[in-house]
Amino acid sequence: MITLGIEGTAHTLGIGITDGECNVLSNVINMYKPPEGGLHPREAANHHADIVAETIQKAVSDAGISLKDIGLVAFSKGPGMGPCLRVAATAARALSVKLSIPIVGVNHCVAHVEIGNATTGCNDPVLLYASGGNTQIIAFANGKYRIFGETLDIGIGNMFDKLGRELGIGYYAGPAIEKLAREGDKLLDLPYSVKGMDMAFSGIMTAAVSLSKKGHRLEDIAHSVQETCFAMLAEVTERAMAHIGKDEVLMGGGVAQNMRLRNMIESMAEDRGAKMFAPQPRLCIDNGAMIAWLGHVMYDSGIRMSMDDTKVDQKFRTDEVDVTWR
């Protein structure tokens, strides 16, 4: 069965199409970039609403199919920004009615897990999910994807973006910080905020801004922020692996594209005799293919939804999903 997935949790509108073997037939990604400042939910939603129809058409064209070939439509039900989620849900409902096909709303975080499982060859990993809005350590146990650790304040990607604005290096600052960090050669003192299995990032950002005001080089600040934050992520990921006896770790989320983070997690895994897996970059960031694939997996396991079941949920927790397909 061919499934079309609509991702719309935050800044990205993504339309992806997969088949029943998780072959990605198309994966069109269109990211909203605010003219200044940070991301405003209503402005991002207006962007998504303006382009959703043409993006669906492009995804169908790229896949080499027609709308009548689609057997299922899936959408990101949450977590995310309400206005953005509602655009994705409305588009999915319209397609479901127009094409007389079933509809499935999926959890965005679980979609990152399942696309990684399907495309990397891992079997039962701990997921390090590091993105703009989320930072979680996730693993399957007793019928659900359990959260073994998470951020207590903001996602690591969100922190990078806020820090980028404060330091004048622009919004969506993760790639710029990674590039600057390669030129840094001094490890500056920053808070190391691990609290049991959880992490906090806002204090690190405040301290980094303070270092900038004291005249430290941006390269050294970026290097220090990455080394500190990624060490925190490696620590809690390793502790989760030890606690539940897993020998695989899967990367997911936009920050998982960062090569320094990948190298640190891979080194940690090798030291434990474990393996690290990471999807291709376009499947790490928010995208429609992962939504399509999870929709297929859920539907194939017997899950059915009426229109009344497709109400979006801004606070849809990873561990609220009954994983009936495992």
# chains A, B, ... in the order shown; residues from 1 in each chain; ligands from 1

call {"tool": "residues_around", "arguments": {"residues": "Lys179 in chain A", "least_positions_apart": "3", "cutoff": "12 Å", "atoms": "only C-alpha atoms", "output": "list in words"}}
result
Ile169, Ala173, Gly174, Pro175, Ala176, Arg182, Glu183, Gly184, Leu218, Glu219, Asp220, Ile221, Ala222, His223, Gln226, Asn258, Met259 and Arg260 of chain A

call {"tool": "closest_atom_pairs", "arguments": {"of": "range 119-171 of chain A", "to": "range 283-286 of chain A", "cutoff": "10 Å", "atoms": "only C-alpha atoms", "output": "JSON lines"}}
result
{"residue": "A:Thr119", "atom": "CA", "partner": "A:Leu283", "partner_atom": "CA", "distance": 9.1}
{"residue": "A:Tyr129", "atom": "CA", "partner": "A:Cys284", "partner_atom": "CA", "distance": 9.3}
{"residue": "A:Ala130", "atom": "CA", "partner": "A:Cys284", "partner_atom": "CA", "distance": 9.5}
{"residue": "A:Ser131", "atom": "CA", "partner": "A:Ile285", "partner_atom": "CA", "distance": 7.8}
{"residue": "A:Gly132", "atom": "CA", "partner": "A:Ile285", "partner_atom": "CA", "distance": 9.7}

call {"tool": "write_last_selection", "arguments": {"atoms": "N, CA and C atoms", "output": "tab-separated table (two decimals), in the first residue's frame"}}
result
chain	number	residue	atom	x	y	z
A	119	THR	N	14.99	1.87	8.26
A	119	THR	CA	15.96	2.20	7.20
A	119	THR	C	17.41	1.97	7.58
A	129	TYR	N	16.97	11.19	20.66
A	129	TYR	CA	16.15	12.08	19.83
A	129	TYR	C	16.49	13.51	20.19
A	130	ALA	N	17.22	14.17	19.32
A	130	ALA	CA	17.70	15.53	19.59
A	130	ALA	C	17.26	16.44	18.45
A	131	SER	N	16.31	17.33	18.75
A	131	SER	CA	15.78	18.21	17.71
A	131	SER	C	15.53	19.59	18.31
A	132	GLY	N	14.85	20.45	17.54
A	132	GLY	CA	14.56	21.78	18.02
A	132	GLY	C	13.63	21.78	19.22

call {"tool": "atom_distance", "arguments": {"atom1": "CA of Lys213 in chain A", "atom2": "CA of Glu166 in chain A"}}
result
10.4 Å

call {"tool": "residues_around", "arguments": {"residues": "Ile138 in chain A", "least_positions_apart": "3", "cutoff": "12 Å", "atoms": "only C-alpha atoms", "output": "count of residues only"}}
result
39

call {"tool": "residues_around", "arguments": {"residues": "Gly170 in chain A", "least_positions_apart": "6", "cutoff": "9 Å", "atoms": "only C-alpha atoms", "output": "PyMOL selection string"}}
result
chain A and resi 36-37+161+164+176

call {"tool": "closest_residue", "arguments": {"among": "A:Ile156, A:Leu39, A:Ile70, A:Ile51", "to": "Leu25 in chain A", "atoms": "only C-alpha atoms"}}
result
A:Ile70

call {"tool": "residues_around", "arguments": {"residues": "Arg282 in chain A", "least_positions_apart": "6", "cutoff": "10 Å", "atoms": "only C-alpha atoms", "output": "list in words"}}
result
Asn27, Val28, Ile29, Gly253, Gly254, Gln257 and Ala289 of chain A

call {"tool": "residues_around", "arguments": {"residues": "range 200-203 of chain A", "least_positions_apart": "2", "cutoff": "8 Å", "atoms": "only C-alpha atoms", "output": "ChimeraX atom specification"}}
result
/A:151-156,159,191,193-195,198,205-207,229

call {"tool": "select_by_dssp", "arguments": {"residues": "range 105-282 of chain A", "states": "helix (DSSP H, G or I)", "output": "PyMOL selection string"}}
result
chain A and resi 108-120+156-167+174-181+202-213+218-244+254-257+259-271+281-282

call {"tool": "select_by_dssp", "arguments": {"residues": "range 140-318 of chain A", "states": "strand (DSSP E or B)", "output": "list of chain:residue names"}}
result
A:Phe140, A:Ala141, A:Lys144, A:Tyr145, A:Arg146, A:Ile147, A:Phe148, A:Gly149, A:Glu150, A:Thr151, A:Val194, A:Lys195, A:Asp198, A:Met199, A:Glu248, A:Val249, A:Leu250, A:Met251, A:Gly252, A:Lys275, A:Met276, A:Phe277

call {"tool": "write_last_selection", "arguments": {"atoms": "N, CA, C and O atoms", "output": "CSV table (one decimal), in the first residue's frame"}}
result
chain,number,residue,atom,x,y,z
A,140,PHE,N,12.0,1.0,23.7
A,140,PHE,CA,10.7,0.3,23.8
A,140,PHE,C,10.8,-0.7,25.0
A,140,PHE,O,11.8,-1.3,25.3
A,141,ALA,N,9.7,-0.6,25.8
A,141,ALA,CA,9.6,-1.5,27.0
A,141,ALA,C,8.2,-1.7,27.4
A,141,ALA,O,7.4,-0.7,27.5
A,144,LYS,N,5.2,0.1,25.1
A,144,LYS,CA,5.3,1.5,24.8
A,144,LYS,C,6.7,1.9,24.5
A,144,LYS,O,7.6,1.2,25.0
A,145,TYR,N,6.9,3.0,23.8
A,145,TYR,CA,8.2,3.7,23.8
A,145,TYR,C,8.3,4.6,25.0
A,145,TYR,O,7.6,5.6,25.1
A,146,ARG,N,9.2,4.1,25.9
A,146,ARG,CA,9.3,4.8,27.2
A,146,ARG,C,10.4,5.9,27.1
A,146,ARG,O,11.4,5.8,26.4
A,147,ILE,N,10.2,7.0,27.8
A,147,ILE,CA,11.1,8.1,27.9
A,147,ILE,C,12.0,7.9,29.1
A,147,ILE,O,11.5,8.0,30.3
A,148,PHE,N,13.3,7.6,28.9
A,148,PHE,CA,14.2,7.3,30.0
A,148,PHE,C,14.9,8.6,30.5
A,148,PHE,O,15.6,8.6,31.5
A,149,GLY,N,14.9,9.6,29.7
A,149,GLY,CA,15.5,10.9,30.1
A,149,GLY,C,15.0,11.9,29.1
A,149,GLY,O,14.8,11.6,27.9
A,150,GLU,N,15.0,13.2,29.5
A,150,GLU,CA,14.6,14.3,28.6
A,150,GLU,C,15.0,15.6,29.1
A,150,GLU,O,15.4,15.8,30.2
A,151,THR,N,14.9,16.6,28.2
A,151,THR,CA,15.2,18.0,28.7
A,151,THR,C,14.2,18.5,29.7
A,151,THR,O,13.0,18.2,29.6
A,194,VAL,N,23.3,17.9,34.0
A,194,VAL,CA,22.7,16.6,34.0
A,194,VAL,C,22.1,16.3,35.4
A,194,VAL,O,22.8,16.5,36.4
A,195,LYS,N,20.8,16.0,35.4
A,195,LYS,CA,20.1,15.8,36.7
A,195,LYS,C,19.5,14.4,36.6
A,195,LYS,O,18.4,14.2,36.1
A,198,ASP,N,17.9,13.3,33.3
A,198,ASP,CA,17.4,14.5,32.6
A,198,ASP,C,18.5,15.5,32.4
A,198,ASP,O,19.5,15.5,33.0
A,199,MET,N,18.2,16.5,31.5
A,199,MET,CA,19.2,17.5,31.1
A,199,MET,C,18.5,18.9,31.1
A,199,MET,O,17.3,19.0,31.0
A,248,GLU,N,22.2,-1.3,21.1
A,248,GLU,CA,22.1,-0.4,19.9
A,248,GLU,C,21.7,1.0,20.3
A,248,GLU,O,20.9,1.1,21.2
A,249,VAL,N,22.2,2.0,19.6
A,249,VAL,CA,21.7,3.3,19.8
A,249,VAL,C,21.4,3.9,18.4
A,249,VAL,O,22.2,3.8,17.5
A,250,LEU,N,20.3,4.6,18.3
A,250,LEU,CA,19.8,5.1,17.1
A,250,LEU,C,19.7,6.6,17.2
A,250,LEU,O,19.2,7.1,18.3
A,251,MET,N,20.2,7.4,16.3
A,251,MET,CA,20.1,8.8,16.3
A,251,MET,C,18.9,9.3,15.5
A,251,MET,O,18.5,8.7,14.5
A,252,GLY,N,18.3,10.4,16.0
A,252,GLY,CA,17.1,10.9,15.4
A,252,GLY,C,16.9,12.4,15.7
A,252,GLY,O,17.4,12.9,16.7
A,275,LYS,N,26.5,-0.8,18.9
A,275,LYS,CA,26.5,-0.2,17.6
A,275,LYS,C,25.7,1.1,17.6
A,275,LYS,O,24.6,1.2,18.2
A,276,MET,N,26.1,2.1,16.8
A,276,MET,CA,25.3,3.3,16.6
A,276,MET,C,24.8,3.3,15.1
A,276,MET,O,25.5,2.9,14.2
A,277,PHE,N,23.5,3.7,15.0
A,277,PHE,CA,22.8,3.8,13.7
A,277,PHE,C,22.3,5.2,13.5
A,277,PHE,O,21.9,5.8,14.5

call {"tool": "atom_distance", "arguments": {"atom1": "CA of His216 in chain A", "atom2": "CA of Tyr192 in chain A"}}
result
19.1 Å

call {"tool": "atom_distance", "arguments": {"atom1": "CA of Gly16 in chain A", "atom2": "CA of Asn287 in chain A"}}
result
6.8 Å

call {"tool": "residues_around", "arguments": {"residues": "range 101-107 of chain A", "least_positions_apart": "5", "cutoff": "9 Å", "atoms": "only C-alpha atoms", "output": "PyMOL selection string"}}
result
chain A and resi 70-79+89+92-93+95-96+291-292+294-296+298-299+303-307+309-312+316-318+321

call {"tool": "closest_residue", "arguments": {"among": "A:Leu163, A:Glu235, A:Val97, A:Trp325", "to": "Ala269 in chain A", "atoms": "only C-alpha atoms"}}
result
A:Glu235

call {"tool": "closest_residue", "arguments": {"among": "A:Gly64, A:Pro41, A:Gly143, A:Pro281", "to": "Gly82 in chain A", "atoms": "only C-alpha atoms"}}
result
A:Pro41
